[in-house]
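Below is the file query.csv, which contains CSV, C-alpha atoms.
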chain,number,residue,atom,x,y,z
A,14,MET,CA,0.0,0.0,0.0
A,15,ALA,CA,1.1,3.5,-0.3
A,16,SER,CA,0.7,6.9,1.4
A,17,PHE,CA,2.8,9.9,1.0
A,18,VAL,CA,4.3,11.7,4.0
A,19,PRO,CA,7.2,14.0,3.1
A,20,GLN,CA,9.4,13.7,6.1
A,21,ASN,CA,13.2,13.5,6.7
A,22,LEU,CA,14.2,14.2,3.1
A,23,LEU,CA,10.8,13.0,1.8
A,24,LYS,CA,11.0,9.6,3.3
A,25,LEU,CA,7.4,8.7,2.9
A,26,LEU,CA,5.6,6.9,5.7
A,27,ILE,CA,3.0,4.2,5.1
A,28,VAL,CA,1.8,1.9,7.7
A,29,ILE,CA,-1.2,-0.3,7.4
A,30,SER,CA,-3.1,-1.4,10.4
A,31,LEU,CA,-5.7,-4.2,10.2
A,32,LEU,CA,-7.6,-6.0,12.8
A,33,GLN,CA,-8.0,-9.6,11.7
A,34,ILE,CA,-6.4,-9.7,8.3
A,35,SER,CA,-3.5,-9.5,6.0
A,36,ILE,CA,-1.9,-6.1,5.8
A,37,ALA,CA,0.5,-3.9,3.8
A,38,ALA,CA,2.5,-1.1,5.3
A,39,ARG,CA,5.5,1.1,4.7
A,40,THR,CA,7.6,2.7,7.4
A,41,LEU,CA,10.0,5.6,7.0
A,42,ASN,CA,13.1,3.4,7.0
A,43,GLU,CA,11.6,1.0,4.5
A,44,ALA,CA,10.7,3.9,2.2
A,45,ALA,CA,14.3,5.1,2.4
A,46,GLN,CA,15.4,1.5,1.6
A,47,ALA,CA,13.3,1.5,-1.5
A,48,GLN,CA,15.0,4.7,-2.7
A,49,GLN,CA,18.4,3.2,-2.0
A,50,GLN,CA,17.6,-0.1,-3.8
A,51,PRO,CA,15.4,0.8,-6.8
A,52,ASP,CA,16.6,-2.2,-8.9
A,53,ARG,CA,15.4,-4.9,-6.5
A,54,LEU,CA,12.5,-6.8,-8.0
A,55,LEU,CA,9.3,-7.2,-6.0
A,56,GLN,CA,9.0,-10.9,-5.3
A,57,TYR,CA,5.9,-12.9,-5.9
A,58,HIS,CA,4.8,-14.9,-2.9
A,59,ASN,CA,2.5,-17.4,-4.7
A,60,GLY,CA,-0.7,-15.8,-3.5
A,61,ALA,CA,-3.9,-15.1,-5.4
A,62,LEU,CA,-4.3,-11.8,-7.3
A,63,LEU,CA,-7.6,-10.2,-8.2
A,64,SER,CA,-8.7,-11.1,-11.6
A,65,GLY,CA,-11.7,-10.8,-14.0
A,66,LYS,CA,-14.3,-8.1,-13.7
A,67,ILE,CA,-13.9,-6.2,-10.4
A,68,ALA,CA,-16.2,-3.4,-9.2
A,69,ILE,CA,-14.8,-0.6,-7.1
A,70,ASN,CA,-17.5,0.4,-4.6
A,71,LEU,CA,-17.1,3.8,-2.9
A,72,ILE,CA,-18.3,4.2,0.7
A,73,TRP,CA,-18.4,7.9,1.6
A,74,TYR,CA,-18.2,8.5,5.3
A,75,GLY,CA,-19.0,12.0,6.4
A,76,LYS,CA,-19.8,15.0,4.2
A,77,PHE,CA,-18.5,15.3,0.7
A,78,ASN,CA,-20.1,17.6,-1.8
A,79,PRO,CA,-21.0,16.4,-5.3
A,80,SER,CA,-18.0,18.0,-7.0
A,81,GLN,CA,-15.7,16.2,-4.5
A,82,LYS,CA,-17.3,12.9,-5.2
A,83,ALA,CA,-17.0,13.4,-8.9
A,84,ILE,CA,-13.2,13.9,-8.6
A,85,ILE,CA,-12.9,10.4,-7.2
A,86,SER,CA,-15.6,8.6,-9.3
A,87,ASP,CA,-14.2,10.1,-12.5
A,88,PHE,CA,-10.7,8.8,-11.5
A,89,ILE,CA,-12.1,5.3,-11.0
A,90,THR,CA,-13.9,5.5,-14.4
A,91,SER,CA,-10.6,6.7,-16.0
A,92,LEU,CA,-8.8,3.5,-15.0
A,93,SER,CA,-10.5,1.6,-17.8
A,94,SER,CA,-11.5,4.5,-20.1
A,95,TYR,CA,-10.1,4.3,-23.7
A,96,SER,CA,-12.3,6.9,-25.4
A,97,SER,CA,-11.2,8.6,-28.6
A,98,GLN,CA,-10.7,11.8,-26.7
A,99,LEU,CA,-8.3,10.1,-24.2
A,100,LYS,CA,-6.4,8.3,-27.0
A,101,ALA,CA,-5.7,11.8,-28.3
A,102,ASN,CA,-4.8,13.1,-24.9
A,103,GLN,CA,-1.9,11.0,-23.6
A,104,PRO,CA,-0.6,10.0,-21.2
A,105,SER,CA,-3.9,8.9,-19.5
A,106,VAL,CA,-4.9,7.3,-16.3
A,107,ALA,CA,-5.6,4.1,-18.2
A,108,THR,CA,-2.0,4.1,-19.5
A,109,TRP,CA,-0.7,4.5,-16.0
A,110,TRP,CA,-2.8,1.5,-14.8
A,111,LYS,CA,-1.4,-0.7,-17.5
A,112,THR,CA,1.8,-1.1,-15.6
A,113,THR,CA,0.0,-3.3,-13.1
A,114,GLU,CA,-0.8,-5.7,-15.9
A,115,LYS,CA,2.9,-6.6,-16.2
A,116,TYR,CA,2.7,-8.2,-12.7
A,117,TYR,CA,-0.2,-10.4,-13.9
A,118,HIS,CA,1.7,-11.4,-17.1
A,119,LEU,CA,4.6,-12.6,-15.0
A,120,ILE,CA,2.5,-15.5,-13.6
A,121,SER,CA,0.0,-16.0,-16.4
A,122,LYS,CA,-0.6,-14.6,-19.9
A,123,LYS,CA,-4.3,-15.3,-19.4
A,124,SER,CA,-4.7,-13.4,-16.1
A,125,THR,CA,-6.5,-10.1,-16.6
A,126,LEU,CA,-8.1,-7.5,-14.3
A,127,SER,CA,-10.9,-5.2,-15.5
A,128,LEU,CA,-12.0,-2.5,-13.1
A,129,SER,CA,-15.2,-0.5,-13.2
A,130,LEU,CA,-17.1,1.9,-10.9
A,131,GLY,CA,-19.5,0.0,-8.8
A,132,LYS,CA,-21.9,1.1,-6.1
A,133,GLN,CA,-21.7,4.4,-4.1
A,134,ILE,CA,-22.8,4.3,-0.5
A,135,SER,CA,-23.1,7.4,1.6
A,136,ASP,CA,-23.0,7.7,5.4
A,137,GLU,CA,-23.1,11.5,5.9
A,138,THR,CA,-24.3,11.2,9.5
A,139,CYS,CA,-21.2,9.2,10.5
A,140,SER,CA,-23.1,6.3,12.1
A,141,LEU,CA,-19.9,5.0,13.8
A,142,GLY,CA,-18.9,8.5,15.1
A,143,LYS,CA,-16.1,10.8,14.0
A,144,SER,CA,-13.3,8.9,15.7
A,145,LEU,CA,-12.7,5.6,14.0
A,146,LYS,CA,-10.7,2.6,15.0
A,147,ASN,CA,-9.3,0.0,12.6
A,148,GLY,CA,-12.2,-2.3,13.2
A,149,ASP,CA,-14.6,0.4,12.2
A,150,ILE,CA,-12.9,0.7,8.9
A,151,VAL,CA,-13.5,-3.0,8.3
A,152,LYS,CA,-17.2,-2.6,9.3
A,153,LEU,CA,-17.7,0.2,6.8
A,154,ALA,CA,-15.9,-1.7,4.1
A,155,SER,CA,-18.2,-4.7,4.7
A,156,LYS,CA,-21.1,-2.6,3.5
A,157,GLY,CA,-20.0,-3.1,0.0
A,158,ASP,CA,-20.2,-6.3,-2.1
A,159,GLN,CA,-17.9,-9.0,-0.8
A,160,LYS,CA,-17.3,-10.8,-4.1
A,161,ASP,CA,-15.6,-9.5,-7.2
A,162,ALA,CA,-15.2,-6.1,-5.6
A,163,ILE,CA,-12.8,-3.7,-3.9
A,164,ASN,CA,-14.6,-1.7,-1.3
A,165,VAL,CA,-13.1,1.8,-0.8
A,166,VAL,CA,-13.9,3.7,2.4
A,167,LEU,CA,-13.3,7.5,2.1
A,168,THR,CA,-13.5,9.5,5.2
A,169,ALA,CA,-14.2,13.3,5.3
A,170,SER,CA,-11.9,15.9,6.5
A,171,ASP,CA,-13.4,16.1,10.0
A,172,VAL,CA,-13.3,12.4,10.7
A,173,ALA,CA,-10.3,11.1,12.8
A,174,VAL,CA,-9.1,7.6,12.1
A,175,GLU,CA,-6.6,5.6,14.2
A,176,GLY,CA,-3.1,6.3,13.0
A,177,PHE,CA,-4.2,8.9,10.4
A,178,CYS,CA,-1.6,11.7,10.0
A,179,MET,CA,0.6,10.1,12.6
A,180,SER,CA,1.7,7.0,10.7
A,181,ARG,CA,-0.5,6.6,7.6
A,182,CYS,CA,-2.6,8.4,5.0
A,183,GLY,CA,-4.5,5.3,3.9
A,184,THR,CA,-4.7,1.5,4.1
A,185,HIS,CA,-5.4,-1.5,2.0
A,186,GLY,CA,-6.0,-5.1,3.1
A,187,SER,CA,-8.4,-7.9,3.1
A,188,ALA,CA,-11.2,-9.0,5.5
A,189,SER,CA,-13.3,-12.1,6.1
A,190,GLY,CA,-16.8,-12.0,4.8
A,191,SER,CA,-19.5,-14.3,3.5
A,192,ILE,CA,-21.4,-14.7,0.3
A,193,LYS,CA,-24.5,-16.7,-0.5
A,194,SER,CA,-23.8,-19.7,-2.8
A,195,SER,CA,-26.5,-22.2,-3.7
A,196,GLY,CA,-28.6,-21.0,-0.8
A,197,HIS,CA,-25.8,-21.3,1.8
A,198,ASN,CA,-23.4,-18.8,3.3
A,199,LYS,CA,-19.8,-19.3,2.1
A,200,ASN,CA,-16.8,-17.8,3.8
A,201,ASN,CA,-15.0,-15.4,1.5
A,202,LYS,CA,-12.2,-12.8,1.6
A,203,PHE,CA,-12.7,-9.4,0.1
A,204,ALA,CA,-10.3,-6.6,-0.6
A,205,TYR,CA,-10.7,-3.1,0.8
A,206,ILE,CA,-9.1,0.3,0.9
A,207,TRP,CA,-9.4,3.3,3.2
A,208,VAL,CA,-8.2,6.8,2.4
A,209,GLY,CA,-8.8,9.9,4.5
A,210,ASN,CA,-9.2,13.6,3.4
A,211,SER,CA,-6.2,15.3,5.0
A,212,GLU,CA,-7.0,18.9,4.0
A,213,THR,CA,-7.7,20.2,7.6
A,214,GLN,CA,-5.8,17.6,9.6
A,215,CYS,CA,-2.4,17.0,7.9
A,216,PRO,CA,-2.1,18.2,4.3
A,217,GLY,CA,1.6,18.7,4.7
A,218,GLN,CA,1.9,14.9,5.3
A,219,CYS,CA,-0.8,13.4,3.2
A,220,ALA,CA,-1.5,15.9,0.4
A,221,TRP,CA,2.1,16.7,-0.7
A,222,PRO,CA,3.0,18.0,-3.3
A,223,PHE,CA,-0.1,20.1,-3.1
A,224,HIS,CA,0.8,21.5,0.3
A,225,GLN,CA,4.0,22.6,1.9
A,226,PRO,CA,5.7,19.6,3.6
A,227,ILE,CA,6.1,19.6,7.3
A,228,TYR,CA,9.6,18.1,7.2
A,229,GLY,CA,12.3,17.8,4.7
A,230,PRO,CA,13.2,20.1,1.8
A,231,GLN,CA,10.9,23.0,1.5
A,232,SER,CA,9.6,23.9,-2.0
A,233,PRO,CA,6.5,25.8,-3.1
A,234,PRO,CA,3.4,23.5,-3.2
A,235,LEU,CA,2.0,22.6,-6.6
A,236,VAL,CA,-1.5,23.8,-7.8
A,237,ALA,CA,-3.9,20.9,-7.5
A,238,PRO,CA,-5.4,19.8,-10.9
A,239,ASN,CA,-9.0,19.6,-9.6
A,240,ASN,CA,-8.6,22.7,-7.4
A,241,ASP,CA,-9.1,20.7,-4.2
A,242,VAL,CA,-6.0,20.0,-2.2
A,243,GLY,CA,-7.7,17.4,0.0
A,244,LEU,CA,-9.4,15.4,-2.8
A,245,ASP,CA,-6.4,15.6,-5.2
A,246,GLY,CA,-4.3,14.3,-2.3
A,247,MET,CA,-6.8,11.5,-1.8
A,248,VAL,CA,-6.5,10.6,-5.5
A,249,ILE,CA,-2.7,10.1,-5.1
A,250,ASN,CA,-3.1,7.9,-2.1
A,251,LEU,CA,-6.0,6.0,-3.6
A,252,ALA,CA,-4.1,5.4,-6.8
A,253,SER,CA,-1.1,4.0,-4.9
A,254,LEU,CA,-3.4,1.8,-2.8
A,255,LEU,CA,-5.2,0.5,-5.8
A,256,ALA,CA,-2.0,-0.6,-7.4
A,257,GLY,CA,-1.0,-2.3,-4.1
A,258,THR,CA,-4.4,-4.0,-3.9
A,259,ALA,CA,-4.2,-5.3,-7.5
A,260,THR,CA,-0.8,-6.8,-7.1
A,261,ASN,CA,-0.9,-7.8,-3.4
A,262,PRO,CA,-4.6,-8.1,-2.4
A,263,PHE,CA,-4.2,-10.7,0.4
A,264,GLY,CA,-0.7,-10.1,1.7
A,265,ASN,CA,0.9,-12.9,-0.3
A,266,GLY,CA,1.2,-11.4,-3.8
A,267,TYR,CA,4.0,-9.1,-5.0
A,268,PHE,CA,5.9,-7.2,-2.4
A,269,GLN,CA,9.4,-6.6,-1.0
A,270,GLY,CA,10.4,-6.8,2.7
A,271,PRO,CA,8.5,-8.2,5.7
A,272,LYS,CA,4.9,-9.2,5.1
A,273,GLU,CA,3.8,-7.0,8.0
A,274,ALA,CA,5.2,-3.9,6.4
A,275,PRO,CA,5.9,-4.6,2.7
A,276,LEU,CA,6.9,-2.3,-0.1
A,277,GLU,CA,4.5,-2.6,-3.1
A,278,ALA,CA,4.1,-1.4,-6.6
A,279,ALA,CA,3.7,2.3,-5.8
A,280,SER,CA,5.2,2.5,-2.3
A,281,ALA,CA,8.5,1.2,-3.8
A,282,CYS,CA,8.8,4.5,-5.6
A,283,PRO,CA,8.0,7.1,-2.9
A,284,GLY,CA,7.8,10.8,-3.9
A,285,VAL,CA,8.2,10.2,-7.6
A,286,TYR,CA,5.7,11.6,-10.1
A,287,GLY,CA,7.8,12.6,-13.0
A,288,LYS,CA,11.3,12.2,-14.4
A,289,GLY,CA,14.0,14.0,-12.5
A,290,ALA,CA,12.3,13.7,-9.2
A,291,TYR,CA,14.3,14.0,-6.0
A,292,PRO,CA,13.5,14.6,-2.3
A,293,GLY,CA,11.3,17.7,-2.2
A,294,TYR,CA,10.7,17.8,-5.9
A,295,ALA,CA,8.0,15.8,-7.6
A,296,GLY,CA,9.6,15.7,-11.0
A,297,ASN,CA,9.0,17.3,-14.4
A,298,LEU,CA,5.3,17.5,-14.8
A,299,PHE,CA,2.7,19.1,-17.2
A,300,VAL,CA,1.4,22.5,-16.2
A,301,ASP,CA,-2.1,23.6,-17.2
A,302,SER,CA,-1.6,26.9,-19.1
A,303,THR,CA,-4.9,28.3,-17.7
A,304,THR,CA,-5.0,27.2,-14.1
A,305,GLY,CA,-1.3,26.6,-13.4
A,306,ALA,CA,-2.1,23.2,-12.0
A,307,SER,CA,0.5,20.4,-12.2
A,308,TYR,CA,-0.5,16.9,-13.5
A,309,ASN,CA,0.8,13.9,-15.4
A,310,ALA,CA,-2.4,12.1,-16.5
A,311,HIS,CA,-5.5,12.8,-18.5
A,312,GLY,CA,-8.8,11.3,-17.2
A,313,ALA,CA,-12.4,10.9,-18.3
A,314,GLY,CA,-14.5,14.0,-18.9
A,315,GLY,CA,-11.5,16.2,-19.4
A,316,ARG,CA,-10.1,15.6,-15.9
A,317,LYS,CA,-6.4,15.9,-15.1
A,318,TYR,CA,-4.7,14.0,-12.3
A,319,LEU,CA,-1.3,13.6,-10.6
A,320,LEU,CA,-0.4,9.9,-10.2
A,321,PRO,CA,2.5,8.3,-8.4
A,322,ALA,CA,5.2,6.3,-10.2
A,323,LEU,CA,4.8,2.6,-10.3
A,324,TYR,CA,7.6,0.0,-10.0
A,325,ASP,CA,7.9,-1.7,-13.4
A,326,PRO,CA,8.8,-5.4,-13.0
A,327,ALA,CA,9.8,-5.6,-16.7
A,328,THR,CA,12.6,-2.9,-16.2
A,329,SER,CA,13.1,-3.2,-12.5
A,330,SER,CA,12.7,0.6,-12.2
A,331,CYS,CA,10.2,3.2,-11.2
A,332,SER,CA,8.1,4.0,-14.2
A,333,THR,CA,6.6,7.5,-14.7
A,334,LEU,CA,4.1,8.8,-17.2
A,335,VAL,CA,6.2,12.0,-17.9
Would you write out, as structure tokens, the structure that this file holds?
Amino acid sequence: MASFVPQNLLKLLIVISLLQISIAARTLNEAAQAQQQPDRLLQYHNGALLSGKIAINLIWYGKFNPSQKAIISDFITSLSSYSSQLKANQPSVATWWKTTEKYYHLISKKSTLSLSLGKQISDETCSLGKSLKNGDIVKLASKGDQKDAINVVLTASDVAVEGFCMSRCGTHGSASGSIKSSGHNKNNKFAYIWVGNSETQCPGQCAWPFHQPIYGPQSPPLVAPNNDVGLDGMVINLASLLAGTATNPFGNGYFQGPKEAPLEAASACPGVYGKGAYPGYAGNLFVDSTTGASYNAHGAGGRKYLLPALYDPATSSCSTLV
């Protein structure tokens, strides 16, 4: 999994906490290790990967306005969007996502993963309160379908989550559930993601490079491509976690390091968004001539996004769109 916390020369901190399930996390030291050893191939641990048609269900916890929801839902749609407009506007979100396919091809030429936007569930009244524990995240994730799905819990800017801002910006993992099969309940594992809106709590940790970092080299923040520091920061973390979920959904897929705190497809390339990136500098990016916003990917409906580099198993290097 990945989250981005510029600290101590942009060593990015990601720790995933789960209650009963397999987890993925990155610590500051491990993020630094990834920068020192970029040519180390992520190892496959013989576990199952997500395959076939997978719906991404969005579970909104707290208040999000329609424009904020559209930023996220359009990003999800963009993962598999190959419209004529996007073919003309490259690189695209779908092009970025194709790097994850290389992990599948290493174990089977027939394995494929097709993502689509699924259900959207809103809990504006915060039924579990505004201070959530790890178990609460699992409960919320369980509201989505538990078969052929990734359930994404998105918490609003006024919702506190255990470990949020202190050690993590988001989480991905798997939880035990049940599905009905031939009239009987059958045990099943489903994948989930949690990402928090850091705009008011810790934008310097979880929304860099759209906010001044708390630690490390200080450089002017970039203009967010969708004019929302919190939501554009959530897209970065969600993108990283989706890549981790696809390639290491149950804790025994592709990762490097200890299972309890592994480096994954995106977290192996911390702080890199374009070529020439270095601690405190996101890399060479496109800049919108009208808004001044920085981005590296085109999305559905004319959207623009900033997405993290992914570790490319074919080249054993961090792959950027620009």
Just the residues within 12 Å of Lys100 of chain A, please, counting all atoms listed in the file, with nothing from its chain fewer than 6 positions along; format it as a count of residues only. 9
Please determine, counting only C-alpha atoms, which residue among A:Ile134, A:Pro104, A:Leu63, A:Trp110 has the shortest atom-to-atom distance to Phe77 of chain A. A:Ile134
May I have a table of the residues of segment 187-296 of chain A lying at most 12 Å from segment 137-157 of chain A, giving each one's closest pair of atoms and their distance in Å to one decimal, counting all atoms listed in the file, ordered by chain and ascending residue number, as JSON lines?
{"residue": "A:Ser187", "atom": "CA", "partner": "A:Val151", "partner_atom": "CA", "distance": 8.8}
{"residue": "A:Ala188", "atom": "CA", "partner": "A:Val151", "partner_atom": "CA", "distance": 7.0}
{"residue": "A:Ser189", "atom": "CA", "partner": "A:Ser155", "partner_atom": "CA", "distance": 9.0}
{"residue": "A:Gly190", "atom": "CA", "partner": "A:Ser155", "partner_atom": "CA", "distance": 7.4}
{"residue": "A:Ser191", "atom": "CA", "partner": "A:Ser155", "partner_atom": "CA", "distance": 9.8}
{"residue": "A:Ile192", "atom": "CA", "partner": "A:Ser155", "partner_atom": "CA", "distance": 11.4}
{"residue": "A:Asn201", "atom": "CA", "partner": "A:Ser155", "partner_atom": "CA", "distance": 11.6}
{"residue": "A:Lys202", "atom": "CA", "partner": "A:Ser155", "partner_atom": "CA", "distance": 10.5}
{"residue": "A:Phe203", "atom": "CA", "partner": "A:Ser155", "partner_atom": "CA", "distance": 8.6}
{"residue": "A:Ala204", "atom": "CA", "partner": "A:Ala154", "partner_atom": "CA", "distance": 8.8}
{"residue": "A:Tyr205", "atom": "CA", "partner": "A:Ala154", "partner_atom": "CA", "distance": 6.3}
{"residue": "A:Ile206", "atom": "CA", "partner": "A:Ala154", "partner_atom": "CA", "distance": 7.8}
{"residue": "A:Trp207", "atom": "CA", "partner": "A:Ile150", "partner_atom": "CA", "distance": 7.2}
{"residue": "A:Val208", "atom": "CA", "partner": "A:Ile150", "partner_atom": "CA", "distance": 10.1}
{"residue": "A:Gly209", "atom": "CA", "partner": "A:Ile150", "partner_atom": "CA", "distance": 11.0}
Do you know which residues are at most 12 Å from Asn240 of chain A counting all atoms listed in the file, after dropping those on the same chain fewer than 6 positions away, and could you put them as a VMD selection string? chain A and resid 80 to 81 84 223 246 301 304 to 308 316 to 318
Could you write out the selected residues, including C-alpha atoms, as a PDB file, in the frame of the given file?
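Result file is again37.pdb:
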ATOM      1  CA  SER A  80     -18.000  18.000  -7.000  1.00  0.00           C
ATOM      2  CA  GLN A  81     -15.700  16.200  -4.500  1.00  0.00           C
ATOM      3  CA  ILE A  84     -13.200  13.900  -8.600  1.00  0.00           C
ATOM      4  CA  PHE A 223      -0.100  20.100  -3.100  1.00  0.00           C
ATOM      5  CA  GLY A 246      -4.300  14.300  -2.300  1.00  0.00           C
ATOM      6  CA  ASP A 301      -2.100  23.600 -17.200  1.00  0.00           C
ATOM      7  CA  THR A 304      -5.000  27.200 -14.100  1.00  0.00           C
ATOM      8  CA  GLY A 305      -1.300  26.600 -13.400  1.00  0.00           C
ATOM      9  CA  ALA A 306      -2.100  23.200 -12.000  1.00  0.00           C
ATOM     10  CA  SER A 307       0.500  20.400 -12.200  1.00  0.00           C
ATOM     11  CA  TYR A 308      -0.500  16.900 -13.500  1.00  0.00           C
ATOM     12  CA  ARG A 316     -10.100  15.600 -15.900  1.00  0.00           C
ATOM     13  CA  LYS A 317      -6.400  15.900 -15.100  1.00  0.00           C
ATOM     14  CA  TYR A 318      -4.700  14.000 -12.300  1.00  0.00           C
TER      15      TYR A 318
END
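Separating atom CA of Asp245 of chain A from atom CA of Ser330 of chain A is a distance of 25.3 Å.
For segment 282-285 of chain A, the list of residues within 6 Å, based on all atoms listed in the file and with local chain neighbours fewer than 5 positions off taken out, reads Ala290, Ala295, Ala322 and Cys331 of chain A.
Using all atoms listed in the file for every distance, the candidate list A:Pro233, A:Gln103, A:Ile67, A:Leu55 yields A:Leu55 as the residue closest to Ser280 of chain A.
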Measure the distance from atom CA of Ser253 of chain A to atom CA of Ala278 of chain A in Å and round it to one decimal. 7.7 Å
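Interatomic distance, atom CA of Ser105 of chain A to atom CA of Asn309 of chain A: 8.0 Å.
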List as a list of chain:residue names the protein and nucleic acid residues near Tyr57 of chain A, meaning an atom at most 7 Å away when only C-alpha atoms are counted, but skip any in the same chain fewer than 5 places from it. A:Gly266, A:Tyr267, A:Phe268
Resulting file, chosen residues, C-alpha atoms, as an mmCIF file, keeping the file's coordinate frame:
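As a result, result_28.cif now contains:
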data_model
loop_
_atom_site.group_PDB
_atom_site.id
_atom_site.type_symbol
_atom_site.label_atom_id
_atom_site.label_comp_id
_atom_site.auth_asym_id
_atom_site.auth_seq_id
_atom_site.Cartn_x
_atom_site.Cartn_y
_atom_site.Cartn_z
ATOM 1 C CA GLY A 266 1.200 -11.400 -3.800
ATOM 2 C CA TYR A 267 4.000 -9.100 -5.000
ATOM 3 C CA PHE A 268 5.900 -7.200 -2.400
#
Ser180 of chain A proximity check over A:Cys219, A:Leu276, A:Leu62, A:Val248, using only C-alpha atoms: winner is A:Cys219
Excluding Gly65 of chain A and its own-chain neighbours fewer than 2 positions away, which residues fall within 9 Å of it when counting all atoms listed in the file? Please give them as a PDB file with C-alpha atoms, in the frame of the given file.
ATOM      1  CA  LEU A  63      -7.600 -10.200  -8.200  1.00  0.00           C
ATOM      2  CA  ILE A  67     -13.900  -6.200 -10.400  1.00  0.00           C
ATOM      3  CA  SER A 124      -4.700 -13.400 -16.100  1.00  0.00           C
ATOM      4  CA  THR A 125      -6.500 -10.100 -16.600  1.00  0.00           C
ATOM      5  CA  LEU A 126      -8.100  -7.500 -14.300  1.00  0.00           C
ATOM      6  CA  SER A 127     -10.900  -5.200 -15.500  1.00  0.00           C
ATOM      7  CA  LEU A 128     -12.000  -2.500 -13.100  1.00  0.00           C
ATOM      8  CA  ASP A 161     -15.600  -9.500  -7.200  1.00  0.00           C
TER       9      ASP A 161
END
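Using only C-alpha atoms, the shortest contact distance between Pro226 of chain A and any of A:Lys123, A:Leu92, A:Pro292, A:Ser302 is found at A:Pro292.
Restricting the calculation to all atoms listed in the file, the smallest distance between Leu235 of chain A and any of A:Ala327, A:Cys182, A:Glu114, A:Leu319 is found for A:Leu319.
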Please return as an NGL selection string every residue within 8 Å of (-1.0, 18.3, 1.3), taking into account only C-alpha atoms and the file's own coordinates. :A and (211-212 or 215-226 or 242-243 or 246)
Just-selected residues, C-alpha atoms written as a tab-separated table (two decimals), in the coordinates of the input:
chain	number	residue	atom	x	y	z
A	211	SER	CA	-6.20	15.30	5.00
A	212	GLU	CA	-7.00	18.90	4.00
A	215	CYS	CA	-2.40	17.00	7.90
A	216	PRO	CA	-2.10	18.20	4.30
A	217	GLY	CA	1.60	18.70	4.70
A	218	GLN	CA	1.90	14.90	5.30
A	219	CYS	CA	-0.80	13.40	3.20
A	220	ALA	CA	-1.50	15.90	0.40
A	221	TRP	CA	2.10	16.70	-0.70
A	222	PRO	CA	3.00	18.00	-3.30
A	223	PHE	CA	-0.10	20.10	-3.10
A	224	HIS	CA	0.80	21.50	0.30
A	225	GLN	CA	4.00	22.60	1.90
A	226	PRO	CA	5.70	19.60	3.60
A	242	VAL	CA	-6.00	20.00	-2.20
A	243	GLY	CA	-7.70	17.40	0.00
A	246	GLY	CA	-4.30	14.30	-2.30
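Proximity of A:Thr113, A:Thr213, A:Thr168, A:Ser129 to Lys66 of chain A, computed with only C-alpha atoms, is greatest for A:Ser129.
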Please reconstruct the missing atoms of segment 269-282 of chain A (target: N, CA and C atoms) and return them as a CSV table (one decimal), keeping the file's coordinate frame.
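Output contents, as saved in out35.csv:
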chain,number,residue,atom,x,y,z
A,269,GLN,N,8.0,-6.5,-1.4
A,269,GLN,CA,9.4,-6.6,-1.0
A,269,GLN,C,9.4,-6.3,0.5
A,270,GLY,N,10.3,-7.1,1.2
A,270,GLY,CA,10.4,-6.8,2.7
A,270,GLY,C,9.5,-7.7,3.5
A,271,PRO,N,9.4,-7.4,4.8
A,271,PRO,CA,8.5,-8.2,5.7
A,271,PRO,C,7.0,-8.1,5.3
A,272,LYS,N,6.3,-9.2,5.5
A,272,LYS,CA,4.9,-9.2,5.1
A,272,LYS,C,4.1,-8.2,5.9
A,273,GLU,N,4.5,-7.9,7.2
A,273,GLU,CA,3.8,-7.0,8.0
A,273,GLU,C,4.0,-5.6,7.6
A,274,ALA,N,5.0,-5.3,6.8
A,274,ALA,CA,5.2,-3.9,6.4
A,274,ALA,C,5.9,-3.9,5.0
A,275,PRO,N,5.3,-4.4,4.0
A,275,PRO,CA,5.9,-4.6,2.7
A,275,PRO,C,5.9,-3.3,1.9
A,276,LEU,N,6.9,-3.3,0.9
A,276,LEU,CA,6.9,-2.3,-0.1
A,276,LEU,C,6.2,-2.9,-1.3
A,277,GLU,N,5.4,-2.1,-2.0
A,277,GLU,CA,4.5,-2.6,-3.1
A,277,GLU,C,4.7,-1.8,-4.3
A,278,ALA,N,3.9,-2.0,-5.3
A,278,ALA,CA,4.1,-1.4,-6.6
A,278,ALA,C,4.3,0.1,-6.6
A,279,ALA,N,3.5,0.8,-5.8
A,279,ALA,CA,3.7,2.3,-5.8
A,279,ALA,C,4.6,2.7,-4.6
A,280,SER,N,4.5,2.0,-3.5
A,280,SER,CA,5.2,2.5,-2.3
A,280,SER,C,6.7,2.2,-2.5
A,281,ALA,N,7.1,1.4,-3.5
A,281,ALA,CA,8.5,1.2,-3.8
A,281,ALA,C,9.1,2.4,-4.5
A,282,CYS,N,8.3,3.3,-4.9
A,282,CYS,CA,8.8,4.5,-5.6
A,282,CYS,C,8.3,5.8,-4.9
